[in-house]
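Step one of this worksheet: look at the structure below.
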2 protein chains.
Amino acid sequence: MFNFNYQNETKIIFGKDTEATVGTELAKHTKKVLLHYGGASAKATGLYDKVVTSLTEAGIAFVELGGVKPNPRASLVYEGIELCRNENIDFILAVGGGSVIDSAKAIAAGVYYDGDFWDLYTKGAKPTDCLKVATVLTIPAAGSEASTATVITHEKTNEKRGYGHPKLRPVFSILNPELTFTLPDYQTSCGLADMFAHVVERYFTQQRHDIYTTRLCEATMKTIVELGRKIFKDPNNYELRAEIMLAGMVAHNDWLGLGRGGDWSSHQIEHELSGFYDLSHGAGLCIIIPAWMKHVYHHDMPFFAQFANRVFDIEINTANLEETALKGIAELERFYQDINMPIRFADANLPTHEIDKLVTSAMSGRASFGGFVQITEADVKAIYELAL
Amino acid sequence: MFNFNYQNETKIIFGKDTEATVGTELAKHTKKVLLHYGGASAKATGLYDKVVTSLTEAGIAFVELGGVKPNPRASLVYEGIELCRNENIDFILAVGGGSVIDSAKAIAAGVYYDGDFWDLYTKGAKPTDCLKVATVLTIPAAGSEASTATVITHEKTNEKRGYGHPKLRPVFSILNPELTFTLPDYQTSCGLADMFAHVVERYFTQQRHDIYTTRLCEATMKTIVELGRKIFKDPNNYELRAEIMLAGMVAHNDWLGLGRGGDWSSHQIEHELSGFYDLSHGAGLCIIIPAWMKHVYHHDMPFFAQFANRVFDIEINTANLEETALKGIAELERFYQDINMPIRFADANLPTHEIDKLVTSAMSGRASFGGFVQITEADVKAIYELAL
């Protein structure tokens with residue numbers, strides 16, 4: 001187990017009707033916020049009105065910036081930074097899913113950086129401080145509601161890049177599972193795929209002797225598979241929605257990664273798909289992860305056999321661990337298909353002739369990346385080809 | 001799933017040599033501490049000297065209060081409260097196991113309460129504030145290093161009572177698994193028993209549809225059993241000690257109880273044993289939990305069969321769930337015996353003729369308690385009798 005420091009100050013306010021408390025919670029910290037959100041859905045569901053009512057009742061002034069799109073864009077971040085500076089905003093309230101929260105975090109860090117905020121994502125630049133962020137979560141997926149991370153796409157280059165800062169963990173996050181009843185099935189699926197990926201990328205590590213977090217990861221993946229196979233038949237089931245929302249938060253708040261190594265190659269290889277083709281990140285992960293697994297499983301066959309056994313209940317063939325390992329990967333693909341996610345480029349209508357461009361962008365100056373296995377340019381190409 | 005709020009601000013500093021950072025961490029918060037610890041072991045192992053060196057190098061002044069005993073006593077708490085008031089202490093550093101930390105928390109809350117601090121534990125009194133507490137943990141067991149809880153025994157009445165306050169979560173806790181290499185086997189066993197109990201008491205609930213935290217609890221219990229069966233053969237194995245230390249923290253920091261009901265009857269029935277007979281809390285739990293299980297399992301046979309199956313790998317006899325449930329309880333007793341814990345009054349040389357006294361004290365004015373099943377005076381008596 002590696003040495004680690006862990007501190008997560010985000011207050012999680014979880015359950016029915018909890019969005020009504022947003023104003024009183026904010027009043028503990030500020031008198032004025034940037035209200036950041038996406039598009040029509042927050043208004044159509046009535047959530048926007050509920051939030052505005054709660055802010056008004058608590059005497060919280062607000063400036064609005066809507067229009068966050070999936071794979072949130074740098075252009076809106078620039079706009080938000082200007083707005084916060086001009087309006088003397090010290091707190092951003094993100095109402096939406098991971099895209100809105102990630103956009104809010106980018107603005108929060110960018111306000112305290114003198115240069116182009118994109119330097120934080122690409123050049124290792126550091127802000128002097130960050131605005132405070134809080135969230136009302138509407139899509140369980142990215143785990144951004146309790147994480148330090150933010151991912152932004154720059155329209156000029158189609159680069160999709162991540163950044164993290166301890167001060168970007170939200171001050172509080174409100175998670176009401178009822179708000180997810182109206183999610184389109186596609187978004188529910190993408191969310192399940194994203195949270196599953198957050199566990200997979202922590203799970204596969206060359207660190208040994210992490211018996212405990214290994215089991216916690218397996219418990220989480222098994223739960224996501226079980227819930228994913230139930231939710232579409234019963235989308236207004238509060239208990240199922242609550243479990244999914246909790247799992248999505250835990251999958252990325254780092255409880256499952258304490259002292260582990262982890263490997264974020266699939267996320268990095270996927271970012272080119274959602275960056276260039278505006279595919280949903282969750283859908284892209286379903287295309288990349290099985291291909292990554294097929295490319296690397298022979299580096300630790302027993303671990304992949306354990307994955308098959310403990311997550312998908314596949315009996316271990318002790319005389320042929322490879323068979324068990326491959327069954328596990330096939331079963332993961334079946335799960336993705338069961339929740340109507342693509343598992344190949346063609347399933348998502350992605351062009352198949354631009355792989356060299358994707359490879360170049362994914363490497364972007366690096367010789368290799370990864371934790372379970374170091375991934376080079378040739379590996380990235382092989383993984384894209386396995387996903388065709 | 002119940003609505004819940006969760007916030008845990010404790011910074012966990014985990015790993016080799018981390019105790020050397022205690023001075024610099026403290027310097028972020030204070031210039032003077034009460035250094036609170038137990039007896040000879042902190043000095044014999046060299047930990048006391050290391051801590052004092054780190055404090056001195058960081059310019060942290062300190063006043064000492066040693067002498068905390070297992071089942072920490074009210075008398076030392078009174079002394080600590082006076083000392084903190086006289087010395088204008090605003091921060092307590094607890095160096096030790098759960099007893100030292102619980103004593104530190106009692107002092108921290110008592111300083112800000114005008115009356116007898118015991119009112120907090122027995123009369124629902126509330127402090128106006130709490131001193132800050134940090135810990136250097138030496139025994140993975142109580143989970144007090146990241147919890148809001150403290151348990152104190154009053155010598156005058158032998159009452160052992162708990163109290164909790166959000167402000168009693170430590171500011172930071174330093175967990176170096178190396179510090180646990182020298183633990184006597186008995187203390188390692190009591191720690192394993194205590195952390196297992198913290199999961200059991202969250203696990204058995206009448207709340208349904210907590211698929212996810214149920215699996216997290218099972219993963220934790222399975223890990224504790226696996227580690228417990230290995231550690232005594234290999235007590236200086238860093239990785240095993242690290243896993244145990246992490247599990248002990250997670251078992252009681254409430255990650256496993258999010259939105260669940262829980263049932264703390266066994267803890268409450270056990271407190272009479274350690275309160276009256278100065279038995280280790282962990283050992284007492286090994287006597288009470290199997291008896292509690294035998295008394296209540298028929299209220300939810302499928303749940304107890306699941307416990308047997310998922311924690312102890314016992315095959316489910318679908319035609320006779322009772323058989324599976326009872327095998328699970330027997331297997332838990334076997335685990336306790338494997339780690340040399342008592343499972344009956346006689347194993348710990350406890351008197352068997354004072355049960356009525358224990359029952360009266362356990363009820364202490366309450367008509368019933370419990371979550372999975374409501375426990376009345378007759379139930380408490382029956383559980384003690386099952387444990388004889």
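All residue names refer to the structure tokens as shown: chains lettered A, B, ... in order, residues numbered from 1 in each chain, ligands numbered from 1 in order.
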
Residues of chain B within 6 Å of chain A, only C-alpha atoms counted, as number ranges by chain: B: 3-7, 9, 11-15, 212, 215-216, 219, 223

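Using only C-alpha atoms, the protein and nucleic acid residues lying no more than 10 Å from A:Val77, apart from those fewer than 2 places from it along its own chain, are Leu65, Val68, Pro72, Arg73, Ala74, Ser75, Glu79, Gly80, Ile81, Glu82, Leu83, Asp102, Ser103, Ala104, Lys105, Ala106, Ile107, Ala108, Gly110, Val111, Phe117, Trp118, Ile152 and His154 of chain A.
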
Given the selection you just returned, output its residues as a file containing N, CA, C and O atoms, formatted as a CSV table (one decimal), in the first residue's frame.
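Written file, selection.csv:
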chain,number,residue,atom,x,y,z
A,65,LEU,N,-25.4,31.9,-15.5
A,65,LEU,CA,-24.7,31.6,-16.7
A,65,LEU,C,-25.1,30.1,-17.0
A,65,LEU,O,-24.7,29.2,-16.4
A,68,VAL,N,-24.3,25.3,-20.5
A,68,VAL,CA,-23.2,24.3,-20.5
A,68,VAL,C,-23.7,23.1,-21.3
A,68,VAL,O,-24.8,22.6,-21.2
A,72,PRO,N,-18.1,19.8,-21.7
A,72,PRO,CA,-18.2,21.2,-21.5
A,72,PRO,C,-17.0,22.0,-22.2
A,72,PRO,O,-15.9,21.5,-22.1
A,73,ARG,N,-17.3,23.1,-22.7
A,73,ARG,CA,-16.3,23.8,-23.6
A,73,ARG,C,-15.6,25.0,-22.9
A,73,ARG,O,-16.1,25.6,-22.1
A,74,ALA,N,-14.4,25.2,-23.4
A,74,ALA,CA,-13.6,26.2,-22.9
A,74,ALA,C,-14.2,27.6,-23.1
A,74,ALA,O,-14.1,28.5,-22.2
A,75,SER,N,-14.9,27.8,-24.2
A,75,SER,CA,-15.4,29.2,-24.5
A,75,SER,C,-16.4,29.6,-23.4
A,75,SER,O,-16.3,30.8,-23.0
A,79,GLU,N,-16.0,32.9,-20.6
A,79,GLU,CA,-17.1,33.8,-20.3
A,79,GLU,C,-17.4,33.8,-18.8
A,79,GLU,O,-17.6,34.9,-18.2
A,80,GLY,N,-17.4,32.6,-18.2
A,80,GLY,CA,-17.7,32.6,-16.7
A,80,GLY,C,-16.6,33.3,-15.9
A,80,GLY,O,-17.0,33.9,-14.9
A,81,ILE,N,-15.4,33.1,-16.3
A,81,ILE,CA,-14.3,33.8,-15.5
A,81,ILE,C,-14.5,35.3,-15.6
A,81,ILE,O,-14.4,36.0,-14.5
A,82,GLU,N,-14.8,35.8,-16.8
A,82,GLU,CA,-15.0,37.3,-16.9
A,82,GLU,C,-16.2,37.7,-16.0
A,82,GLU,O,-16.1,38.7,-15.3
A,83,LEU,N,-17.2,37.0,-16.1
A,83,LEU,CA,-18.4,37.3,-15.4
A,83,LEU,C,-18.2,37.3,-13.8
A,83,LEU,O,-18.6,38.3,-13.1
A,102,ASP,N,-18.1,20.4,-13.8
A,102,ASP,CA,-16.7,20.6,-14.3
A,102,ASP,C,-16.4,22.0,-14.8
A,102,ASP,O,-15.4,22.5,-14.7
A,103,SER,N,-17.4,22.5,-15.5
A,103,SER,CA,-17.3,23.9,-16.0
A,103,SER,C,-17.2,24.9,-14.9
A,103,SER,O,-16.4,25.8,-14.9
A,104,ALA,N,-18.0,24.6,-13.8
A,104,ALA,CA,-18.0,25.5,-12.7
A,104,ALA,C,-16.6,25.5,-12.0
A,104,ALA,O,-16.1,26.5,-11.6
A,105,LYS,N,-16.0,24.3,-11.9
A,105,LYS,CA,-14.7,24.1,-11.3
A,105,LYS,C,-13.6,24.9,-12.2
A,105,LYS,O,-12.7,25.5,-11.6
A,106,ALA,N,-13.8,24.7,-13.5
A,106,ALA,CA,-12.8,25.4,-14.4
A,106,ALA,C,-12.9,26.9,-14.2
A,106,ALA,O,-11.8,27.6,-14.1
A,107,ILE,N,-14.1,27.5,-14.0
A,107,ILE,CA,-14.2,28.9,-13.8
A,107,ILE,C,-13.6,29.2,-12.4
A,107,ILE,O,-12.9,30.2,-12.3
A,108,ALA,N,-13.9,28.4,-11.4
A,108,ALA,CA,-13.5,28.6,-10.1
A,108,ALA,C,-12.0,28.7,-10.0
A,108,ALA,O,-11.4,29.5,-9.2
A,110,GLY,N,-10.0,29.3,-12.7
A,110,GLY,CA,-9.5,30.2,-13.7
A,110,GLY,C,-9.5,31.7,-13.2
A,110,GLY,O,-8.7,32.5,-13.6
A,111,VAL,N,-10.5,32.0,-12.3
A,111,VAL,CA,-10.6,33.4,-11.8
A,111,VAL,C,-9.3,33.8,-11.1
A,111,VAL,O,-8.9,34.9,-11.2
A,117,PHE,N,-6.7,30.2,-18.7
A,117,PHE,CA,-7.0,29.1,-17.8
A,117,PHE,C,-6.7,27.8,-18.4
A,117,PHE,O,-6.4,26.8,-17.6
A,118,TRP,N,-6.6,27.7,-19.7
A,118,TRP,CA,-6.3,26.4,-20.4
A,118,TRP,C,-4.9,25.9,-20.0
A,118,TRP,O,-4.6,24.7,-20.1
A,152,ILE,N,-12.3,19.5,-19.3
A,152,ILE,CA,-12.9,20.5,-20.3
A,152,ILE,C,-12.4,20.2,-21.7
A,152,ILE,O,-11.3,19.6,-21.9
A,154,HIS,N,-11.5,21.8,-25.4
A,154,HIS,CA,-11.2,23.1,-26.1
A,154,HIS,C,-11.6,23.0,-27.5
A,154,HIS,O,-11.2,22.1,-28.3

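Atom pair atom CA of B:Ala325 / atom CA of B:Phe304: separated by 4.8 Å.
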
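Note that atom CA of A:Ser99 and atom CA of A:Asp116 are 20.1 Å apart.
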
message: I'd like the contact shell of B:Glu377 - 10 Å cut-off, only C-alpha atoms, skipping same-chain residues fewer than 3 positions apart - returned as number ranges by chain.
response: B: 356, 359-360, 362-364, 366-369, 380-383

Keeping all heavy atoms, export the residues of the selection given above as a compact mmCIF listing (two decimals), in the first residue's frame.
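Dumped to part.txt:
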# COMPACT_ATOMS: atom_id res chain seq x y z
N ASP B 356 -28.47 -10.10 36.60
CA ASP B 356 -29.55 -9.15 36.89
C ASP B 356 -28.99 -7.73 37.06
O ASP B 356 -29.60 -6.76 36.59
CB ASP B 356 -30.32 -9.55 38.15
CG ASP B 356 -31.19 -10.79 37.88
OD1 ASP B 356 -31.43 -11.07 36.68
OD2 ASP B 356 -31.57 -11.46 38.84
N VAL B 359 -28.21 -6.42 33.60
CA VAL B 359 -29.43 -6.09 32.87
C VAL B 359 -29.96 -4.73 33.32
O VAL B 359 -30.29 -3.87 32.49
CB VAL B 359 -30.52 -7.17 33.09
CG1 VAL B 359 -31.86 -6.71 32.52
CG2 VAL B 359 -30.09 -8.50 32.46
N THR B 360 -30.02 -4.54 34.63
CA THR B 360 -30.52 -3.27 35.17
C THR B 360 -29.69 -2.10 34.66
O THR B 360 -30.22 -1.07 34.22
CB THR B 360 -30.49 -3.30 36.71
OG1 THR B 360 -31.24 -4.44 37.14
CG2 THR B 360 -31.10 -2.02 37.29
N ALA B 362 -27.75 -2.02 31.97
CA ALA B 362 -27.87 -1.87 30.51
C ALA B 362 -29.14 -1.12 30.14
O ALA B 362 -29.15 -0.33 29.19
CB ALA B 362 -27.85 -3.23 29.82
N MET B 363 -30.22 -1.38 30.88
CA MET B 363 -31.49 -0.70 30.56
C MET B 363 -31.46 0.75 31.05
O MET B 363 -31.96 1.64 30.37
CB MET B 363 -32.68 -1.44 31.18
CG MET B 363 -32.88 -2.87 30.70
SD MET B 363 -32.83 -3.07 28.88
CE MET B 363 -34.23 -2.09 28.36
N SER B 364 -30.88 0.97 32.20
CA SER B 364 -30.74 2.30 32.84
C SER B 364 -31.82 3.30 32.41
O SER B 364 -31.55 4.31 31.77
CB SER B 364 -29.35 2.89 32.59
OG SER B 364 -29.15 3.18 31.24
N ARG B 366 -34.21 3.02 30.23
CA ARG B 366 -34.82 2.87 28.91
C ARG B 366 -35.77 1.67 28.90
O ARG B 366 -35.51 0.66 29.56
CB ARG B 366 -33.75 2.59 27.86
CG ARG B 366 -32.74 3.68 27.71
CD ARG B 366 -31.67 3.29 26.71
NE ARG B 366 -30.73 2.33 27.28
CZ ARG B 366 -29.57 2.02 26.72
NH1 ARG B 366 -29.22 2.58 25.56
NH2 ARG B 366 -28.75 1.15 27.28
N ALA B 367 -36.83 1.75 28.14
CA ALA B 367 -37.73 0.60 28.01
C ALA B 367 -37.19 -0.37 26.97
O ALA B 367 -37.40 -1.59 27.05
CB ALA B 367 -39.12 1.06 27.62
N SER B 368 -36.50 0.17 25.96
CA SER B 368 -35.96 -0.70 24.91
C SER B 368 -34.93 0.07 24.10
O SER B 368 -34.82 1.30 24.21
CB SER B 368 -37.07 -1.20 23.98
OG SER B 368 -37.57 -0.12 23.21
N PHE B 369 -34.17 -0.64 23.29
CA PHE B 369 -33.26 0.00 22.34
C PHE B 369 -33.04 -0.96 21.18
O PHE B 369 -33.56 -2.07 21.18
CB PHE B 369 -31.94 0.40 23.02
CG PHE B 369 -31.24 -0.70 23.76
CD1 PHE B 369 -30.41 -1.59 23.09
CD2 PHE B 369 -31.40 -0.85 25.14
CE1 PHE B 369 -29.76 -2.61 23.77
CE2 PHE B 369 -30.75 -1.88 25.83
CZ PHE B 369 -29.93 -2.76 25.14
N VAL B 380 -32.46 -8.54 26.84
CA VAL B 380 -31.09 -8.36 27.32
C VAL B 380 -30.71 -9.53 28.22
O VAL B 380 -29.63 -10.11 28.10
CB VAL B 380 -30.95 -7.02 28.07
CG1 VAL B 380 -29.56 -6.91 28.71
CG2 VAL B 380 -31.17 -5.85 27.12
N LYS B 381 -31.63 -9.90 29.09
CA LYS B 381 -31.36 -11.02 29.99
C LYS B 381 -31.13 -12.31 29.20
O LYS B 381 -30.18 -13.07 29.45
CB LYS B 381 -32.53 -11.20 30.97
CG LYS B 381 -32.27 -12.25 32.01
CD LYS B 381 -33.23 -12.19 33.17
CE LYS B 381 -32.80 -13.19 34.24
NZ LYS B 381 -33.64 -13.18 35.41
N ALA B 382 -31.99 -12.53 28.22
CA ALA B 382 -31.86 -13.74 27.40
C ALA B 382 -30.52 -13.77 26.66
O ALA B 382 -29.89 -14.82 26.52
CB ALA B 382 -33.02 -13.82 26.41
N ILE B 383 -30.08 -12.59 26.19
CA ILE B 383 -28.81 -12.53 25.45
C ILE B 383 -27.63 -12.81 26.37
O ILE B 383 -26.73 -13.59 26.03
CB ILE B 383 -28.69 -11.16 24.74
CG1 ILE B 383 -29.71 -11.10 23.58
CG2 ILE B 383 -27.27 -10.92 24.22
CD1 ILE B 383 -29.94 -9.73 23.01

- request: Write out as a list of chain:residue names which residues come within 10 Å of B:His252 when counting only C-alpha atoms, dropping same-chain ones fewer than 3 positions away.
  value: B:Ala141, B:Ala142, B:Gly143, B:Ser144, B:Glu145, B:Ala146, B:Ser147, B:Thr148, B:Ala149, B:Asp194, B:Met195, B:Phe196, B:Ala197, B:His198, B:Val199, B:Arg202, B:Ala247, B:Gly248, B:Met249, B:Trp255, B:Leu256, B:Gly257

Selection file, N, CA and C atoms, as an mmCIF file, in the first residue's frame:
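Result file follows (again-v8.cif):
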data_model
loop_
_atom_site.group_PDB
_atom_site.id
_atom_site.type_symbol
_atom_site.label_atom_id
_atom_site.label_comp_id
_atom_site.auth_asym_id
_atom_site.auth_seq_id
_atom_site.Cartn_x
_atom_site.Cartn_y
_atom_site.Cartn_z
ATOM 1 N N ALA B 141 -8.651 -0.212 15.942
ATOM 2 C CA ALA B 141 -9.709 -0.896 16.689
ATOM 3 C C ALA B 141 -10.968 -0.039 16.754
ATOM 4 N N ALA B 142 -10.894 1.025 17.524
ATOM 5 C CA ALA B 142 -12.087 1.790 17.868
ATOM 6 C C ALA B 142 -12.587 2.651 16.716
ATOM 7 N N GLY B 143 -11.706 2.989 15.785
ATOM 8 C CA GLY B 143 -12.111 3.870 14.700
ATOM 9 C C GLY B 143 -12.300 5.303 15.157
ATOM 10 N N SER B 144 -11.929 5.581 16.394
ATOM 11 C CA SER B 144 -12.142 6.913 16.966
ATOM 12 C C SER B 144 -11.331 7.977 16.231
ATOM 13 N N GLU B 145 -10.301 7.547 15.485
ATOM 14 C CA GLU B 145 -9.429 8.473 14.761
ATOM 15 C C GLU B 145 -10.150 9.224 13.650
ATOM 16 N N ALA B 146 -11.322 8.754 13.233
ATOM 17 C CA ALA B 146 -12.045 9.491 12.194
ATOM 18 C C ALA B 146 -13.537 9.550 12.482
ATOM 19 N N SER B 147 -13.895 9.276 13.723
ATOM 20 C CA SER B 147 -15.317 9.264 14.083
ATOM 21 C C SER B 147 -15.651 10.440 14.995
ATOM 22 N N THR B 148 -16.948 10.627 15.200
ATOM 23 C CA THR B 148 -17.420 11.677 16.108
ATOM 24 C C THR B 148 -17.563 11.149 17.535
ATOM 25 N N ALA B 149 -17.303 9.862 17.738
ATOM 26 C CA ALA B 149 -17.715 9.183 18.970
ATOM 27 C C ALA B 149 -16.630 9.125 20.032
ATOM 28 N N ASP B 194 -13.257 -5.484 17.531
ATOM 29 C CA ASP B 194 -13.971 -4.212 17.637
ATOM 30 C C ASP B 194 -14.361 -3.699 16.254
ATOM 31 N N MET B 195 -13.421 -3.731 15.317
ATOM 32 C CA MET B 195 -13.765 -3.203 13.982
ATOM 33 C C MET B 195 -14.804 -4.078 13.293
ATOM 34 N N PHE B 196 -14.709 -5.406 13.483
ATOM 35 C CA PHE B 196 -15.731 -6.289 12.908
ATOM 36 C C PHE B 196 -17.105 -5.919 13.464
ATOM 37 N N ALA B 197 -17.146 -5.654 14.766
ATOM 38 C CA ALA B 197 -18.419 -5.300 15.413
ATOM 39 C C ALA B 197 -18.990 -3.998 14.844
ATOM 40 N N HIS B 198 -18.123 -3.037 14.557
ATOM 41 C CA HIS B 198 -18.612 -1.768 14.006
ATOM 42 C C HIS B 198 -19.312 -1.977 12.662
ATOM 43 N N VAL B 199 -18.877 -2.985 11.931
ATOM 44 C CA VAL B 199 -19.549 -3.277 10.652
ATOM 45 C C VAL B 199 -20.832 -4.062 10.903
ATOM 46 N N ARG B 202 -23.698 -1.952 11.854
ATOM 47 C CA ARG B 202 -24.285 -1.174 10.756
ATOM 48 C C ARG B 202 -25.017 -2.081 9.767
ATOM 49 N N ALA B 247 -8.882 -0.743 7.412
ATOM 50 C CA ALA B 247 -10.211 -1.313 7.662
ATOM 51 C C ALA B 247 -10.790 -0.802 8.974
ATOM 52 N N GLY B 248 -9.943 -0.688 9.993
ATOM 53 C CA GLY B 248 -10.407 -0.199 11.291
ATOM 54 C C GLY B 248 -10.939 1.222 11.216
ATOM 55 N N MET B 249 -10.293 2.025 10.387
ATOM 56 C CA MET B 249 -10.736 3.420 10.221
ATOM 57 C C MET B 249 -12.077 3.456 9.475
ATOM 58 N N TRP B 255 -18.677 5.597 6.451
ATOM 59 C CA TRP B 255 -18.865 5.351 5.021
ATOM 60 C C TRP B 255 -19.806 4.168 4.809
ATOM 61 N N LEU B 256 -19.716 3.176 5.710
ATOM 62 C CA LEU B 256 -20.478 1.939 5.526
ATOM 63 C C LEU B 256 -21.916 2.067 5.998
ATOM 64 N N GLY B 257 -22.218 3.164 6.673
ATOM 65 C CA GLY B 257 -23.554 3.308 7.240
ATOM 66 C C GLY B 257 -24.406 4.362 6.549
#

task: Can you pull out every residue within 6 Å of stretch 280-297 of chain B, counting only C-alpha atoms, but drop anything in the same chain fewer than 3 positions away, and send it as a list in words?
output: Cys190, Ala193, Asp194, Ser266, Glu270, Ser274, Asp300, Met301, Met341, Ile343, Arg344, Ile383, Leu386 and Ala387 of chain B

- line: As a check of understanding: the span from atom CA of B:Pro342 to atom CA of B:Gln206 is 28.7 Å

message: Give me the residues near A:Thr324 as a ChimeraX atom specification, where near means some atom within 12 Å (using only C-alpha atoms) and where sequence neighbours in that chain fewer than 4 positions away do not count.
response: /A:297-298,301-310,312-320,328-331

- request: Could you give me, as an MDAnalysis selection string, the residues within 12 Å of A:Tyr37, counting only C-alpha atoms and dropping anything in the same chain fewer than 6 positions from it?
  value: chainID A and resid 43 47:48 51 63:70 72 76 80 92:104 135:138

- request: Give the helix (DSSP H, G or I) residues of stretch 124-227 of chain A, as assigned by DSSP on the backbone, as a ChimeraX atom specification.
  value: /A:144-146,166-168,177-180,185-203,211-227

Run DSSP on the backbone and give me the residues of stretch 4-149 of chain B it puts in strand (DSSP E or B), as a PDB file with C-alpha atoms, in the first residue's frame.
ATOM      1  CA  PHE B   4     -28.571  11.615   5.300  1.00  0.00           C
ATOM      2  CA  ASN B   5     -25.966  14.347   5.671  1.00  0.00           C
ATOM      3  CA  TYR B   6     -22.352  13.277   5.707  1.00  0.00           C
ATOM      4  CA  GLN B   7     -19.271  15.368   6.242  1.00  0.00           C
ATOM      5  CA  ASN B   8     -15.938  14.085   7.496  1.00  0.00           C
ATOM      6  CA  GLU B   9     -13.225  16.691   7.527  1.00  0.00           C
ATOM      7  CA  THR B  10     -10.542  14.562   9.203  1.00  0.00           C
ATOM      8  CA  LYS B  11      -7.337  14.590   7.183  1.00  0.00           C
ATOM      9  CA  ILE B  12      -5.941  11.049   7.106  1.00  0.00           C
ATOM     10  CA  ILE B  13      -2.141  10.913   6.890  1.00  0.00           C
ATOM     11  CA  PHE B  14      -1.402   7.266   6.245  1.00  0.00           C
ATOM     12  CA  LYS B  32       0.467  24.716  22.111  1.00  0.00           C
ATOM     13  CA  VAL B  33      -1.166  21.358  22.769  1.00  0.00           C
ATOM     14  CA  LEU B  34      -2.159  19.009  25.526  1.00  0.00           C
ATOM     15  CA  LEU B  35      -0.132  15.858  24.804  1.00  0.00           C
ATOM     16  CA  HIS B  36      -2.400  13.049  25.953  1.00  0.00           C
ATOM     17  CA  TYR B  37      -1.272   9.436  26.046  1.00  0.00           C
ATOM     18  CA  ALA B  61       4.720  23.937  23.161  1.00  0.00           C
ATOM     19  CA  PHE B  62       3.020  21.164  25.101  1.00  0.00           C
ATOM     20  CA  VAL B  63       1.603  20.220  28.464  1.00  0.00           C
ATOM     21  CA  GLU B  64       1.477  16.495  29.227  1.00  0.00           C
ATOM     22  CA  LEU B  65      -1.247  14.276  30.571  1.00  0.00           C
ATOM     23  CA  ARG B  73     -11.950   6.787  33.151  1.00  0.00           C
ATOM     24  CA  PHE B  91      -5.825  21.718  20.890  1.00  0.00           C
ATOM     25  CA  ILE B  92      -5.315  18.159  22.198  1.00  0.00           C
ATOM     26  CA  LEU B  93      -2.922  15.705  20.592  1.00  0.00           C
ATOM     27  CA  ALA B  94      -3.884  12.122  21.437  1.00  0.00           C
ATOM     28  CA  VAL B  95      -1.064   9.599  20.984  1.00  0.00           C
ATOM     29  CA  GLY B  96      -2.384   6.090  21.447  1.00  0.00           C
ATOM     30  CA  LYS B 132      -9.667  20.617  18.461  1.00  0.00           C
ATOM     31  CA  VAL B 133      -8.262  17.099  18.580  1.00  0.00           C
ATOM     32  CA  ALA B 134      -5.668  15.311  16.436  1.00  0.00           C
ATOM     33  CA  THR B 135      -4.331  11.792  16.801  1.00  0.00           C
ATOM     34  CA  VAL B 136      -1.311   9.580  16.258  1.00  0.00           C
ATOM     35  CA  LEU B 137      -2.961   6.170  16.206  1.00  0.00           C
ATOM     36  CA  ALA B 149     -17.715   9.183  18.970  1.00  0.00           C
TER      37      ALA B 149
END
